[in-house]
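Student: Coordinates in coords.txt, compact mmCIF, C-alpha atoms, are listed below.
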# COMPACT_ATOMS: atom_id res chain seq x y z
CA MET A 1 23.06 -4.21 4.68
CA ALA A 2 24.15 -6.67 7.35
CA THR A 3 21.53 -8.15 9.60
CA PRO A 4 22.24 -10.09 12.78
CA SER A 5 21.58 -13.80 12.64
CA THR A 6 18.35 -14.98 14.16
CA HIS A 7 20.37 -17.72 15.86
CA SER A 8 22.06 -15.36 18.32
CA PRO A 9 20.73 -15.73 21.89
CA SER A 10 19.67 -12.08 22.11
CA ASN A 11 17.79 -12.31 18.84
CA ALA A 12 16.32 -15.81 18.96
CA PRO A 13 12.85 -16.17 17.39
CA VAL A 14 9.98 -15.94 19.86
CA ASN A 15 7.06 -18.36 19.90
CA PRO A 16 3.82 -16.38 19.40
CA ALA A 17 1.82 -19.05 21.24
CA GLU A 18 3.89 -18.41 24.37
CA GLN A 19 3.82 -14.59 24.18
CA GLY A 20 0.10 -14.14 24.80
CA SER A 21 -2.41 -12.09 22.85
CA ARG A 22 -1.35 -8.76 24.39
CA TYR A 23 2.11 -8.89 22.88
CA ARG A 24 0.67 -10.12 19.58
CA TYR A 25 -1.53 -7.04 19.36
CA LEU A 26 1.30 -4.77 20.49
CA VAL A 27 3.37 -6.08 17.58
CA LEU A 28 0.44 -5.49 15.24
CA ALA A 29 0.08 -1.93 16.54
CA MET A 30 3.78 -1.23 15.89
CA LEU A 31 3.52 -2.70 12.40
CA VAL A 32 0.48 -0.51 11.71
CA LEU A 33 2.42 2.52 12.97
CA ALA A 34 5.36 1.73 10.68
CA TYR A 35 2.98 1.22 7.75
CA THR A 36 1.31 4.54 8.61
CA PHE A 37 4.66 6.29 8.21
CA ASN A 38 5.23 4.28 5.04
CA PHE A 39 2.14 5.77 3.43
CA LEU A 40 2.49 9.15 5.08
CA ASP A 41 5.89 9.59 3.44
CA ARG A 42 4.72 7.98 0.21
CA GLN A 43 1.50 9.98 -0.24
CA ILE A 44 2.47 13.39 1.12
CA LEU A 45 3.59 14.43 -2.36
CA GLY A 46 -0.05 14.16 -3.45
CA ILE A 47 -1.17 17.13 -1.33
CA LEU A 48 2.05 19.10 -1.80
CA LYS A 49 2.28 18.82 -5.57
CA GLU A 50 0.27 21.99 -6.33
CA PRO A 51 2.62 24.37 -4.41
CA ILE A 52 5.61 22.32 -5.67
CA LYS A 53 4.32 22.63 -9.24
CA GLN A 54 4.06 26.40 -8.92
CA GLU A 55 7.48 26.91 -7.30
CA LEU A 56 9.48 24.50 -9.46
CA GLY A 57 7.53 25.02 -12.71
CA LEU A 58 6.60 21.36 -13.27
CA THR A 59 3.92 19.72 -15.45
CA ASP A 60 1.34 17.14 -14.36
CA THR A 61 3.23 14.49 -16.32
CA GLN A 62 6.45 15.26 -14.41
CA LEU A 63 4.60 15.15 -11.09
CA GLY A 64 3.07 11.81 -12.07
CA LEU A 65 6.52 10.44 -12.88
CA MET A 66 7.87 11.58 -9.51
CA GLY A 67 4.96 10.16 -7.62
CA GLY A 68 4.89 6.91 -9.60
CA LEU A 69 7.92 5.81 -11.60
CA ALA A 70 10.55 7.45 -9.36
CA PHE A 71 9.09 5.73 -6.32
CA ALA A 72 8.08 2.40 -7.85
CA MET A 73 11.13 1.43 -9.89
CA LEU A 74 13.33 0.60 -6.86
CA TYR A 75 10.47 0.05 -4.42
CA SER A 76 9.12 -2.78 -6.53
CA THR A 77 12.30 -4.38 -7.85
CA LEU A 78 14.45 -4.23 -4.71
CA ALA A 79 11.60 -5.64 -2.62
CA VAL A 80 12.30 -9.09 -4.15
CA PRO A 81 15.98 -9.51 -3.09
CA ILE A 82 15.26 -7.84 0.26
CA ALA A 83 12.41 -10.26 0.87
CA TRP A 84 14.69 -13.17 -0.12
CA LEU A 85 17.07 -11.92 2.59
CA ALA A 86 14.22 -11.56 5.07
CA ASP A 87 13.37 -15.25 4.63
CA ARG A 88 16.91 -15.94 5.93
CA ALA A 89 17.66 -13.14 8.38
CA SER A 90 15.94 -10.92 10.93
CA ARG A 91 12.79 -9.37 9.49
CA THR A 92 12.67 -6.78 12.26
CA TRP A 93 16.22 -5.54 11.56
CA ILE A 94 15.38 -5.18 7.89
CA MET A 95 12.19 -3.24 8.64
CA THR A 96 14.02 -0.98 11.10
CA ALA A 97 16.71 -0.09 8.57
CA ALA A 98 14.05 0.45 5.89
CA LEU A 99 12.01 2.79 8.12
CA GLY A 100 15.04 4.93 8.94
CA LEU A 101 16.17 5.07 5.31
CA TRP A 102 12.87 6.04 3.67
CA SER A 103 12.27 8.67 6.38
CA ALA A 104 15.69 10.23 5.74
CA PHE A 105 15.01 10.44 2.00
CA THR A 106 11.62 12.02 2.73
CA MET A 107 13.50 14.77 4.54
CA ALA A 108 15.77 15.09 1.48
CA CYS A 109 12.70 15.88 -0.66
CA GLY A 110 12.48 19.17 1.21
CA LEU A 111 15.87 20.20 -0.25
CA ALA A 112 14.81 19.75 -3.90
CA THR A 113 15.55 22.60 -6.31
CA GLY A 114 14.09 21.12 -9.50
CA PHE A 115 12.66 18.06 -11.20
CA TRP A 116 15.72 15.82 -11.02
CA SER A 117 16.65 16.50 -7.40
CA LEU A 118 13.09 15.77 -6.29
CA PHE A 119 12.90 12.75 -8.62
CA LEU A 120 16.07 11.24 -7.12
CA SER A 121 14.88 11.88 -3.57
CA ARG A 122 11.67 10.04 -4.39
CA VAL A 123 13.76 7.18 -5.79
CA GLY A 124 15.44 7.06 -2.37
CA VAL A 125 12.09 6.92 -0.59
CA GLY A 126 11.15 3.96 -2.77
CA PHE A 127 14.52 2.32 -2.08
CA GLY A 128 13.88 2.51 1.66
CA GLU A 129 10.27 1.41 1.52
CA ALA A 130 11.26 -1.68 -0.48
CA GLY A 131 12.08 -3.36 2.83
CA GLY A 132 8.99 -2.27 4.72
CA VAL A 133 5.98 -4.29 3.53
CA ALA A 134 6.76 -7.88 2.49
CA PRO A 135 8.53 -8.68 5.82
CA ALA A 136 5.57 -7.20 7.68
CA TYR A 137 3.09 -9.45 5.87
CA SER A 138 5.21 -12.41 6.91
CA LEU A 139 5.41 -11.21 10.53
CA VAL A 140 1.63 -10.82 10.75
CA SER A 141 1.15 -14.32 9.34
CA ASP A 142 3.48 -15.75 11.98
CA TYR A 143 1.84 -13.90 14.87
CA PHE A 144 -1.79 -14.69 13.99
CA PRO A 145 -3.43 -18.07 13.27
CA LYS A 146 -4.80 -18.67 9.78
CA GLU A 147 -8.46 -18.19 10.80
CA GLN A 148 -7.63 -14.62 11.91
CA ARG A 149 -5.13 -13.67 9.21
CA ALA A 150 -7.38 -11.80 6.79
CA ARG A 151 -8.60 -9.58 9.65
CA ALA A 152 -5.08 -9.14 11.05
CA LEU A 153 -3.72 -8.23 7.61
CA ALA A 154 -6.70 -5.91 7.14
CA ALA A 155 -5.87 -4.24 10.47
CA TYR A 156 -2.23 -3.91 9.38
CA SER A 157 -3.48 -2.28 6.18
CA PHE A 158 -5.14 0.45 8.27
CA GLY A 159 -1.75 2.10 7.86
CA ILE A 160 -2.75 2.93 4.27
CA PRO A 161 -5.77 5.17 4.94
CA VAL A 162 -4.41 6.50 8.24
CA GLY A 163 -1.01 7.29 6.74
CA SER A 164 -2.58 8.76 3.61
CA ALA A 165 -4.98 10.89 5.68
CA LEU A 166 -2.21 12.15 7.98
CA GLY A 167 0.07 12.88 5.03
CA ILE A 168 -2.68 14.85 3.33
CA LEU A 169 -3.69 16.68 6.51
CA PHE A 170 -0.29 17.48 8.02
CA GLY A 171 1.34 18.07 4.66
CA GLY A 172 -1.34 20.51 3.57
CA LEU A 173 -1.53 22.38 6.88
CA ILE A 174 2.23 22.69 7.27
CA ALA A 175 2.65 23.76 3.64
CA ALA A 176 -0.08 26.38 3.98
CA SER A 177 1.27 27.81 7.24
CA ILE A 178 5.03 27.46 6.65
CA SER A 179 6.17 25.77 3.42
CA TRP A 180 6.04 22.46 1.56
CA ARG A 181 9.73 21.94 2.32
CA VAL A 182 9.17 22.02 6.08
CA ALA A 183 6.37 19.46 5.68
CA PHE A 184 8.88 16.97 4.22
CA PHE A 185 11.38 17.70 7.03
CA ILE A 186 8.86 17.16 9.83
CA VAL A 187 7.21 13.94 8.64
CA GLY A 188 10.55 12.42 7.61
CA GLY A 189 12.18 13.33 10.90
CA ALA A 190 9.39 11.69 12.89
CA GLY A 191 10.02 8.40 11.05
CA VAL A 192 13.74 8.53 11.80
CA LEU A 193 12.91 8.82 15.51
CA LEU A 194 10.45 5.91 15.35
CA ALA A 195 12.93 3.41 13.84
CA PRO A 196 14.90 2.46 17.01
CA ILE A 197 11.68 2.23 19.06
CA PHE A 198 10.27 -0.22 16.51
CA LYS A 199 13.32 -2.49 16.84
CA LEU A 200 13.13 -2.50 20.63
CA VAL A 201 9.48 -3.57 20.68
CA VAL A 202 9.05 -5.98 17.74
CA LYS A 203 10.73 -9.42 17.91
CA ASP A 204 11.02 -12.01 15.16
CA PRO A 205 8.58 -14.92 15.68
CA VAL A 206 9.13 -18.57 14.82
CA ARG A 207 8.43 -18.99 11.09
CA GLY A 208 5.28 -21.02 10.56
CA GLY A 209 4.92 -21.66 14.29
CA LEU A 210 1.15 -21.19 14.21
CA ASP A 211 0.75 -23.42 11.16
CA GLY A 212 2.13 -26.51 12.85
CA ALA A 213 5.54 -26.02 11.22
CA THR A 214 8.88 -25.93 12.95
CA ALA A 215 11.08 -22.87 12.83
CA ALA A 216 12.85 -22.56 9.52
CA ALA A 217 16.44 -21.47 10.10
CA PRO A 218 17.87 -18.86 7.74
CA SER A 219 20.50 -21.31 6.50
CA ILE A 220 17.88 -23.80 5.24
CA ALA A 221 15.45 -21.31 3.74
CA PRO A 222 14.67 -22.31 0.15
CA ALA A 223 16.59 -20.90 -2.77
CA PHE A 224 14.97 -18.06 -4.70
CA SER A 225 14.64 -20.32 -7.73
CA LYS A 226 12.62 -22.78 -5.67
CA VAL A 227 10.23 -20.05 -4.54
CA VAL A 228 9.80 -18.94 -8.15
CA ALA A 229 9.21 -22.54 -9.25
CA THR A 230 6.64 -22.99 -6.48
CA VAL A 231 4.63 -19.80 -6.92
CA LEU A 232 4.83 -18.50 -10.48
CA PRO A 233 3.35 -21.58 -12.20
CA LYS A 234 0.15 -21.15 -10.17
CA PRO A 235 -2.59 -19.34 -12.15
CA THR A 236 -4.09 -18.06 -8.89
CA PHE A 237 -0.94 -16.08 -8.11
CA TRP A 238 -1.08 -14.20 -11.42
CA LEU A 239 -4.82 -13.60 -11.24
CA LEU A 240 -4.59 -12.24 -7.69
CA ALA A 241 -1.55 -10.10 -8.49
CA LEU A 242 -2.94 -8.64 -11.73
CA GLY A 243 -6.38 -8.15 -10.22
CA ALA A 244 -4.91 -6.24 -7.29
CA ALA A 245 -2.69 -4.27 -9.70
CA CYS A 246 -5.67 -3.15 -11.80
CA SER A 247 -7.35 -1.94 -8.64
CA SER A 248 -4.16 -0.17 -7.59
CA VAL A 249 -3.97 1.76 -10.85
CA CYS A 250 -7.16 3.48 -9.73
CA GLY A 251 -6.42 3.34 -6.01
CA TYR A 252 -2.98 4.95 -6.13
CA GLY A 253 -3.70 7.13 -9.14
CA VAL A 254 -6.97 8.57 -7.87
CA ALA A 255 -5.56 9.08 -4.35
CA PHE A 256 -2.62 11.02 -5.81
CA TRP A 257 -4.67 13.22 -8.15
CA LEU A 258 -7.92 13.81 -6.26
CA PRO A 259 -6.43 16.73 -4.28
CA SER A 260 -5.72 18.44 -7.61
CA PHE A 261 -9.30 17.68 -8.72
CA PHE A 262 -10.70 19.24 -5.53
CA ILE A 263 -8.56 22.35 -5.95
CA ARG A 264 -9.02 22.81 -9.70
CA SER A 265 -12.61 21.63 -10.22
CA LEU A 266 -14.32 22.19 -6.85
CA GLY A 267 -12.45 25.36 -5.93
CA LEU A 268 -11.13 24.23 -2.54
CA THR A 269 -8.04 25.80 -0.99
CA LEU A 270 -5.04 23.72 0.04
CA VAL A 271 -6.10 23.75 3.70
CA GLN A 272 -9.73 22.88 2.85
CA THR A 273 -8.55 20.03 0.62
CA SER A 274 -6.34 18.70 3.41
CA TRP A 275 -9.26 18.35 5.83
CA TYR A 276 -11.74 17.26 3.16
CA PHE A 277 -9.69 14.56 1.45
CA GLY A 278 -8.02 13.50 4.70
CA GLY A 279 -11.46 12.75 6.14
CA ILE A 280 -12.49 10.75 3.06
CA ASN A 281 -9.34 8.65 3.25
CA LEU A 282 -9.57 8.00 6.97
CA ILE A 283 -13.28 7.16 7.24
CA GLY A 284 -13.76 5.38 3.94
CA GLY A 285 -10.41 3.59 3.95
CA VAL A 286 -10.58 2.16 7.47
CA ALA A 287 -14.19 1.00 7.03
CA GLY A 288 -13.51 -0.62 3.64
CA ILE A 289 -10.36 -2.43 4.72
CA TRP A 290 -11.93 -3.83 7.88
CA LEU A 291 -15.14 -4.95 6.20
CA GLY A 292 -13.18 -6.66 3.42
CA GLY A 293 -11.11 -8.64 5.92
CA ALA A 294 -14.04 -9.47 8.21
CA PHE A 295 -16.32 -10.67 5.40
CA ALA A 296 -13.56 -12.74 3.82
CA ASP A 297 -12.65 -14.47 7.11
CA ARG A 298 -16.31 -15.19 7.78
CA PHE A 299 -17.31 -16.57 4.39
CA ALA A 300 -13.98 -18.29 3.68
CA LYS A 301 -14.72 -20.77 6.49
CA LYS A 302 -17.18 -22.38 4.09
CA ASN A 303 -15.56 -21.49 0.79
CA ARG A 304 -12.00 -20.22 0.24
CA ALA A 305 -13.16 -18.54 -2.95
CA ALA A 306 -14.49 -15.74 -0.70
CA TYR A 307 -10.95 -14.35 -0.41
CA ALA A 308 -11.13 -13.35 -4.07
CA LEU A 309 -14.89 -12.96 -4.55
CA THR A 310 -15.28 -10.39 -1.76
CA PRO A 311 -13.10 -7.71 -3.41
CA ALA A 312 -14.41 -8.65 -6.89
CA VAL A 313 -17.92 -7.66 -5.82
CA CYS A 314 -16.63 -4.55 -4.03
CA PHE A 315 -15.00 -3.17 -7.20
CA LEU A 316 -18.21 -3.45 -9.21
CA VAL A 317 -20.22 -1.73 -6.48
CA ALA A 318 -17.63 1.06 -6.26
CA LEU A 319 -17.81 2.01 -9.95
CA PRO A 320 -21.15 3.90 -10.09
CA PHE A 321 -20.37 5.71 -6.83
CA ALA A 322 -17.05 6.90 -8.27
CA TYR A 323 -18.73 8.37 -11.35
CA ALA A 324 -21.50 9.97 -9.28
CA ALA A 325 -18.96 11.52 -6.90
CA MET A 326 -17.02 13.16 -9.75
CA ASN A 327 -20.18 14.65 -11.24
CA THR A 328 -21.84 16.30 -8.27
CA THR A 329 -21.37 19.98 -7.50
CA SER A 330 -22.29 19.56 -3.83
CA LEU A 331 -19.31 19.28 -1.50
CA VAL A 332 -21.41 17.36 1.03
CA TRP A 333 -22.62 14.80 -1.51
CA ALA A 334 -19.16 14.52 -3.05
CA PHE A 335 -17.74 13.70 0.40
CA VAL A 336 -20.38 11.03 1.06
CA LEU A 337 -20.14 9.48 -2.40
CA PHE A 338 -16.34 9.39 -2.41
CA LEU A 339 -16.38 7.42 0.85
CA VAL A 340 -17.77 4.37 -0.99
CA PRO A 341 -15.16 3.88 -3.76
CA THR A 342 -12.38 4.93 -1.38
CA GLY A 343 -13.38 2.17 1.04
CA LEU A 344 -14.29 -0.52 -1.45
CA ASN A 345 -11.12 0.04 -3.48
CA LEU A 346 -9.12 -0.96 -0.37
CA ALA A 347 -11.32 -3.91 0.61
CA TRP A 348 -9.06 -6.29 -1.32
CA LEU A 349 -6.09 -5.86 1.01
CA GLY A 350 -6.98 -8.29 3.79
CA PRO A 351 -8.58 -11.01 1.62
CA VAL A 352 -6.14 -11.01 -1.29
CA ILE A 353 -2.99 -10.69 0.82
CA GLY A 354 -4.37 -13.37 3.13
CA ALA A 355 -4.86 -15.68 0.14
CA VAL A 356 -1.34 -14.97 -1.15
CA GLN A 357 0.05 -16.20 2.20
CA HIS A 358 -1.32 -19.66 1.37
CA LEU A 359 0.14 -20.04 -2.10
CA ALA A 360 3.51 -21.15 -0.66
CA PRO A 361 4.91 -22.74 2.54
CA ALA A 362 5.62 -20.50 5.56
CA ASN A 363 9.37 -20.21 4.93
CA MET A 364 8.67 -18.82 1.43
CA ARG A 365 6.09 -16.24 2.44
CA THR A 366 8.24 -13.11 2.48
CA THR A 367 9.66 -13.77 -0.99
CA THR A 368 6.20 -14.72 -2.29
CA ASN A 369 4.81 -11.46 -0.90
CA SER A 370 7.55 -9.49 -2.65
CA LEU A 371 6.78 -11.12 -6.02
CA PHE A 372 3.12 -10.22 -5.55
CA LEU A 373 4.04 -6.64 -4.60
CA LEU A 374 6.43 -6.36 -7.56
CA ILE A 375 3.55 -6.87 -9.99
CA ASN A 376 1.04 -4.85 -7.99
CA ASN A 377 3.28 -1.83 -7.50
CA LEU A 378 4.94 -1.68 -10.91
CA LEU A 379 1.51 -1.43 -12.49
CA GLY A 380 -0.42 0.26 -9.69
CA ILE A 381 2.05 2.96 -8.68
CA ALA A 382 4.23 3.49 -11.74
CA VAL A 383 1.36 3.35 -14.24
CA GLY A 384 -1.46 4.62 -12.03
CA LEU A 385 0.14 7.90 -10.97
CA TRP A 386 1.68 8.63 -14.36
CA ILE A 387 -1.34 7.84 -16.55
CA PHE A 388 -3.69 10.31 -14.89
CA GLY A 389 -1.13 13.13 -15.05
CA TYR A 390 -0.37 12.32 -18.70
CA LEU A 391 -4.07 12.25 -19.61
CA SER A 392 -4.63 15.53 -17.77
CA ASP A 393 -1.90 17.25 -19.80
CA LEU A 394 -3.22 15.63 -23.00
CA LEU A 395 -6.78 16.82 -22.36
CA ALA A 396 -5.88 20.27 -21.02
CA PRO A 397 -6.03 22.08 -24.42
CA ARG A 398 -9.66 20.99 -24.76
CA TYR A 399 -10.95 20.95 -21.18
CA GLY A 400 -8.68 23.43 -19.38
CA THR A 401 -8.82 23.17 -15.58
CA GLU A 402 -11.42 20.38 -15.94
CA SER A 403 -8.91 18.08 -17.66
CA MET A 404 -8.23 16.18 -14.42
CA ARG A 405 -11.91 15.29 -14.10
CA TYR A 406 -11.91 13.66 -17.53
CA ALA A 407 -8.58 11.94 -16.86
CA LEU A 408 -10.11 10.33 -13.75
CA TYR A 409 -13.11 9.15 -15.80
CA CYS A 410 -10.79 7.18 -18.08
CA GLY A 411 -9.28 5.18 -15.26
CA ALA A 412 -12.44 3.81 -13.72
CA GLY A 413 -12.55 0.93 -16.22
CA PHE A 414 -9.69 -0.70 -14.30
CA TYR A 415 -12.26 -1.58 -11.61
CA VAL A 416 -14.02 -3.84 -14.10
CA MET A 417 -10.78 -5.54 -15.09
CA ALA A 418 -9.86 -6.07 -11.43
CA SER A 419 -13.24 -7.63 -10.67
CA LEU A 420 -13.01 -10.04 -13.61
CA LEU A 421 -9.48 -11.20 -12.73
CA LEU A 422 -10.37 -11.79 -9.08
CA TRP A 423 -13.51 -13.72 -10.05
CA LEU A 424 -11.30 -15.98 -12.17
CA ALA A 425 -8.89 -16.32 -9.22
CA SER A 426 -11.76 -17.45 -6.97
CA ARG A 427 -12.33 -20.44 -9.25
CA ARG A 428 -8.70 -21.61 -8.88
CA LEU A 429 -7.90 -20.70 -5.29
CA ALA A 430 -8.76 -24.00 -3.63
CA ALA A 431 -6.58 -25.97 -6.07
CA ASP A 432 -3.50 -23.79 -5.45
CA TRP A 433 -3.92 -23.47 -1.65
CA VAL A 434 -1.07 -24.59 0.63
CA GLU A 435 -1.64 -25.46 4.30
CA GLY A 436 1.19 -24.50 6.65
Let me see the structure of the file written as structure tokens.
Tutor:
Amino acid sequence: MATPSTHSPSNAPVNPAEQGSRYRYLVLAMLVLAYTFNFLDRQILGILKEPIKQELGLTDTQLGLMGGLAFAMLYSTLAVPIAWLADRASRTWIMTAALGLWSAFTMACGLATGFWSLFLSRVGVGFGEAGGVAPAYSLVSDYFPKEQRARALAAYSFGIPVGSALGILFGGLIAASISWRVAFFIVGGAGVLLAPIFKLVVKDPVRGGLDGATAAAPSIAPAFSKVVATVLPKPTFWLLALGAACSSVCGYGVAFWLPSFFIRSLGLTLVQTSWYFGGINLIGGVAGIWLGGAFADRFAKKNRAAYALTPAVCFLVALPFAYAAMNTTSLVWAFVLFLVPTGLNLAWLGPVIGAVQHLAPANMRTTTNSLFLLINNLLGIAVGLWIFGYLSDLLAPRYGTESMRYALYCGAGFYVMASLLLWLASRRLAADWVEG
């Protein structure tokens, strides 16, 4: 994929300090919108999998593979070379192409006739989305000063709960009133239309301009081997990445399979589940992400360890609420209780991603982000979505329709692992921190 050079007059990097706060927040809003479509297209399979399972005759294990492995294998691995390119070329062109591509493959999901055609379409969605996140992290870091970055990255991460909620809501309602195929066509088509608008609005900023660094031209961006040699030897990088990945096993896995739990164990219809789970994702997710970023920015002024300690505490608090939510028979109490783990499971996004930005110099950020996402997504998405489906099939002979409930129980221990790893990261963060 060719991308225009950032040295051309029409595509020269802009200085965020000269653009004013209004444009900065407009850029953030467009990035949030793109991330919303990212998760809308990524998570819509979660609400549509029950009618897809019935029509195409699939098992929970197959659905878990389509939601996880099919998406993650190219999404995670291709993100690294694409990010390497984004450290040298226009990040906005890369994101525009990615948005159009993953949206087109989402539409292709609506044409699936069996396991393999849907699997390959999901591979295509992952291929497109590989260029959508790491460049955005870098853009946010270059548009917002370091004292605001955790909150700005938390705001960017609003695309996760908003996109998940809209995917659940629109996907379920469209599937119930028309068909699951039309749901894929509509949400994918909307993303295709958004892509050119995104490119017109969002401009590439000077790299590291708000960190006191000069613009790093694409031709002098560091070699990939240098980024690897800078980042991978740092214990903090591995602790942050593995801690986030353990959380994502539950975060992605539970988000994908909870609609099935609501339908099979609580007796909700597809439409009821769409409204019910969409509300949990929107309210709990937005609140948790914002609080995580706000607390980290506040406490990190005195101690940088707060970037890792904040989510570590959140995961431990979330655990009893998750168990209580899965064991109540009251729909009202289940809704209230699920808000807590849904929110706290996403509280790591602003703090941890903000900390990752400071493990390497500004002109290495996009590639560093992609290495972090490679670990997080290979474990979180590929393992998280598959393991719950596999456990559900394994437990079905004994527990019947309740097998998903017991599969979800088994995954909650990942919260404890995530908390421990992030606590260890908090003890190393100051030593591995890079200014500018």
Student: Once you count all atoms listed in the file, what closest atom pair and distance in Å to one decimal does each residue of region 97-184 of chain A within 10 Å of region 267-274 of chain A have, with rows by chain and rising residue number, as a Markdown table?
Tutor:
| residue | atom | partner | partner_atom | distance |
| --- | --- | --- | --- | --- |
| A:Ala165 | CA | A:Ser274 | CA | 8.2 |
| A:Leu166 | CA | A:Ser274 | CA | 9.0 |
| A:Gly167 | CA | A:Ser274 | CA | 8.8 |
| A:Ile168 | CA | A:Ser274 | CA | 5.3 |
| A:Leu169 | CA | A:Ser274 | CA | 4.6 |
| A:Phe170 | CA | A:Ser274 | CA | 7.7 |
| A:Gly171 | CA | A:Ser274 | CA | 7.8 |
| A:Gly172 | CA | A:Ser274 | CA | 5.3 |
| A:Leu173 | CA | A:Val271 | CA | 5.7 |
| A:Ile174 | CA | A:Val271 | CA | 9.1 |
| A:Ala175 | CA | A:Leu270 | CA | 8.5 |
| A:Ala176 | CA | A:Val271 | CA | 6.6 |
| A:Ser177 | CA | A:Val271 | CA | 9.1 |
Student: Could you list, with a cut-off of 10 Å and counting only C-alpha atoms, the residues of region 362-432 of chain A near region 35-59 of chain A, each shown with its nearest atom pair and the distance in Å rounded to one decimal, rows sorted by chain and ascending number, as a Markdown table?
Tutor:
| residue | atom | partner | partner_atom | distance |
| --- | --- | --- | --- | --- |
| A:Leu385 | CA | A:Gly46 | CA | 9.8 |
| A:Gly389 | CA | A:Thr59 | CA | 8.3 |
| A:Tyr390 | CA | A:Thr59 | CA | 9.2 |
| A:Ser392 | CA | A:Thr59 | CA | 9.8 |
| A:Asp393 | CA | A:Thr59 | CA | 7.7 |
Student: If I take CA of Leu349 (chain A) and CA of Met417 (chain A), how far is one from the other in Å, to one decimal?
Tutor: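 About the pair CA of Leu349 (chain A) and CA of Met417 (chain A): they are 16.8 Å apart.
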Student: Which of these residues is nearest to Gly124 (chain A), using all atoms listed in the file: A:Gly100, A:Gly293, A:Pro351, A:Pro259?
Tutor: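 Residue with the minimum atom-to-atom distance to Gly124 (chain A): A:Gly100.
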Student: Can you pull out the residues contacting Pro81 (chain A)? Cut-off 9 Å, using only C-alpha atoms, and skip same-chain residues under 6 positions away; I want them as a PyMOL selection string.
Tutor: chain A and resi 224+367+370
Student: Restricting the calculation to all atoms listed in the file: of A:Leu344, A:Leu26, A:Leu319, A:Ala362, which residue gets closest to Ile283 (chain A)?
Tutor: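 Looking only at the distances to Ile283 (chain A), the closest residue turns out to be A:Leu344.
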Student: Check the smallest atom-to-atom distance from each of A:Ile387, A:Val434, A:Leu291, A:Leu374 to Gly411 (chain A) using all atoms listed in the file, then report the winner.
Tutor: A:Ile387
